[in-house]
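Peer 1: Dumping the structure here so I can ask a few things about it.
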Amino acid sequence: MNDLSPYGRYRDDAAVLAAIGARVEAQTARVTVRLPQDLADAAVAAWERDERRAPVRETPERHRLRDHAAELALIGLAISERGRREGGAVLVDLDIAAAGAAVRAAQ
């Protein structure tokens, strides 16, 4: 059965977006970015932080904040594994998804 409701169309749109994402990822799996040392250090600190407590019931805003913190921690992991200092900056190859998450957080 063809779902003509707006959410049926949104589900179809999401599938197309995912297919585009798969093509983009295959062409640009990683992107090299230059970060100031202080931002790179903050990202690594987020990765090294011990967050063992289970989250309590969250509002959508708190969920978004926790999601951003998790994305930052993954960038910190990438920096600690493959970041390289160059002058006062750090160069790191980020997965395109991590780079995209950072860009979305800035918007």
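Labels used: A, B, ... for chains in the order of the structure tokens, numbers from 1 for residues in each chain, and numbers from 1 for ligands as shown.
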May I have the residues within 9 Å of range 98-106 of chain A as number ranges by chain, using only C-alpha atoms and disregarding those fewer than 6 positions away in the same chain?
Peer 2: A: 30-31, 33, 68, 71-72, 74-75
Peer 1: For the selection just defined, write its residues with C-alpha atoms to a file, as a PDB file, in the first residue's frame.
Peer 2:
```pdb
ATOM      1  CA  ARG A  30      37.353  11.394   5.430  1.00  0.00           C
ATOM      2  CA  VAL A  31      38.128  15.055   5.213  1.00  0.00           C
ATOM      3  CA  VAL A  33      40.527  19.656   8.897  1.00  0.00           C
ATOM      4  CA  HIS A  68      26.648  16.967  20.557  1.00  0.00           C
ATOM      5  CA  GLU A  71      30.049  13.749  18.633  1.00  0.00           C
ATOM      6  CA  LEU A  72      32.735  15.968  20.170  1.00  0.00           C
ATOM      7  CA  LEU A  74      34.401  10.999  18.811  1.00  0.00           C
ATOM      8  CA  ILE A  75      36.277  13.881  17.206  1.00  0.00           C
TER       9      ILE A  75
END
```
Peer 1: With distances taken over only C-alpha atoms, which residue among A:Gln27, A:Val44, A:Arg64, A:Ala14 lies nearest Glu81 in chain A?
Peer 2: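 Answer, going by the shortest atom-to-atom distance: A:Val44.
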Peer 1: What does the distance between CA of Ala18 in chain A and CA of Leu91 in chain A come to in Å, to one decimal place?
Peer 2: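 One can read the CA of Ala18 in chain A to CA of Leu91 in chain A distance as 28.5 Å.
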Peer 1: Find the residues around Trp47 in chain A up to 7 Å (only C-alpha atoms counted), leave out those fewer than 2 positions away in its own chain, and share them as a list in words.
Peer 2: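 Near Trp47 in chain A, the qualifying residues are Ala43, Val44, Ala45, Arg49, Ala73, Leu74, Gly76 and Leu77 of chain A.
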Peer 1: Can I get the selected residues back with N, CA and C atoms, as an mmCIF file, in the first residue's frame?
Peer 2:
```
data_model
loop_
_atom_site.group_PDB
_atom_site.id
_atom_site.type_symbol
_atom_site.label_atom_id
_atom_site.label_comp_id
_atom_site.auth_asym_id
_atom_site.auth_seq_id
_atom_site.Cartn_x
_atom_site.Cartn_y
_atom_site.Cartn_z
ATOM 1 N N ALA A 43 38.476 18.735 22.596
ATOM 2 C CA ALA A 43 37.849 17.538 22.031
ATOM 3 C C ALA A 43 38.467 16.272 22.624
ATOM 4 N N VAL A 44 39.774 16.249 22.758
ATOM 5 C CA VAL A 44 40.444 15.084 23.353
ATOM 6 C C VAL A 44 40.004 14.930 24.810
ATOM 7 N N ALA A 45 39.885 16.038 25.534
ATOM 8 C CA ALA A 45 39.427 15.971 26.929
ATOM 9 C C ALA A 45 38.014 15.392 27.004
ATOM 10 N N ARG A 49 37.005 11.913 29.100
ATOM 11 C CA ARG A 49 36.125 12.070 30.256
ATOM 12 C C ARG A 49 35.375 10.771 30.530
ATOM 13 N N ALA A 73 33.273 14.029 21.523
ATOM 14 C CA ALA A 73 34.163 12.992 22.053
ATOM 15 C C ALA A 73 34.723 12.125 20.925
ATOM 16 N N LEU A 74 33.901 11.802 19.935
ATOM 17 C CA LEU A 74 34.401 10.999 18.811
ATOM 18 C C LEU A 74 35.433 11.769 17.989
ATOM 19 N N GLY A 76 37.404 13.910 19.361
ATOM 20 C CA GLY A 76 38.564 13.809 20.243
ATOM 21 C C GLY A 76 39.298 12.497 20.071
ATOM 22 N N LEU A 77 38.547 11.412 19.901
ATOM 23 C CA LEU A 77 39.176 10.116 19.642
ATOM 24 C C LEU A 77 39.987 10.165 18.352
#
```
Peer 1: Tell me, which residues of chain A carry DSSP strand (DSSP E or B), written as a VMD selection string?
Peer 2: chain A and resid 30 to 36 84 to 86 89 to 95
Peer 1: Just to be explicit: take each residue in the selection above, keep C-alpha atoms, and write the result as a compact mmCIF listing (two decimals), in the first residue's frame.
Peer 2:
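Dumped to selection-v5.txt:
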```txt
# COMPACT_ATOMS: atom_id res chain seq x y z
CA ARG A 30 37.35 11.39 5.43
CA VAL A 31 38.13 15.05 5.21
CA THR A 32 41.26 16.74 6.59
CA VAL A 33 40.53 19.66 8.90
CA ARG A 34 42.77 22.14 10.71
CA LEU A 35 41.76 22.94 14.28
CA PRO A 36 43.30 25.40 16.71
CA ARG A 84 49.18 15.74 13.98
CA ARG A 85 50.48 19.06 15.20
CA GLU A 86 51.40 21.69 12.68
CA ALA A 89 47.12 23.87 15.01
CA VAL A 90 46.21 20.22 14.77
CA LEU A 91 45.44 18.51 11.46
CA VAL A 92 43.16 15.51 11.63
CA ASP A 93 41.35 13.36 9.10
CA LEU A 94 37.74 13.23 10.28
CA ASP A 95 35.07 10.86 9.12
```
Peer 1: Mind the document's chain letters and residue numbers, and return as a ChimeraX atom specification the residues of chain A that DSSP labels helix (DSSP H, G or I).
Peer 2: /A:6-27,37-48,60-82,96-106
Peer 1: Have a look at A:Val56, A:Ala26, A:Ala40, A:Leu17 and name the one nearest to Gly83 in chain A; count only C-alpha atoms.
Peer 2: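 Closest candidate: A:Ala40.
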Peer 1: To one decimal place in Å, what is the distance between CA of Leu39 in chain A and CA of Glu51 in chain A?
Peer 2: 20.1 Å
Peer 1: Which of these residues is nearest to Ile79 in chain A, using only C-alpha atoms: A:Arg57, A:Gly8, A:Asp41, A:Thr28?
Peer 2: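 Under the stated criterion, the closest residue is A:Asp41.
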Peer 1: Calculated over only C-alpha atoms, which of the candidates A:Ala22, A:Ala69, A:Ala29, A:Ala54 has the smallest distance to Ala42 in chain A?
Peer 2: A:Ala69
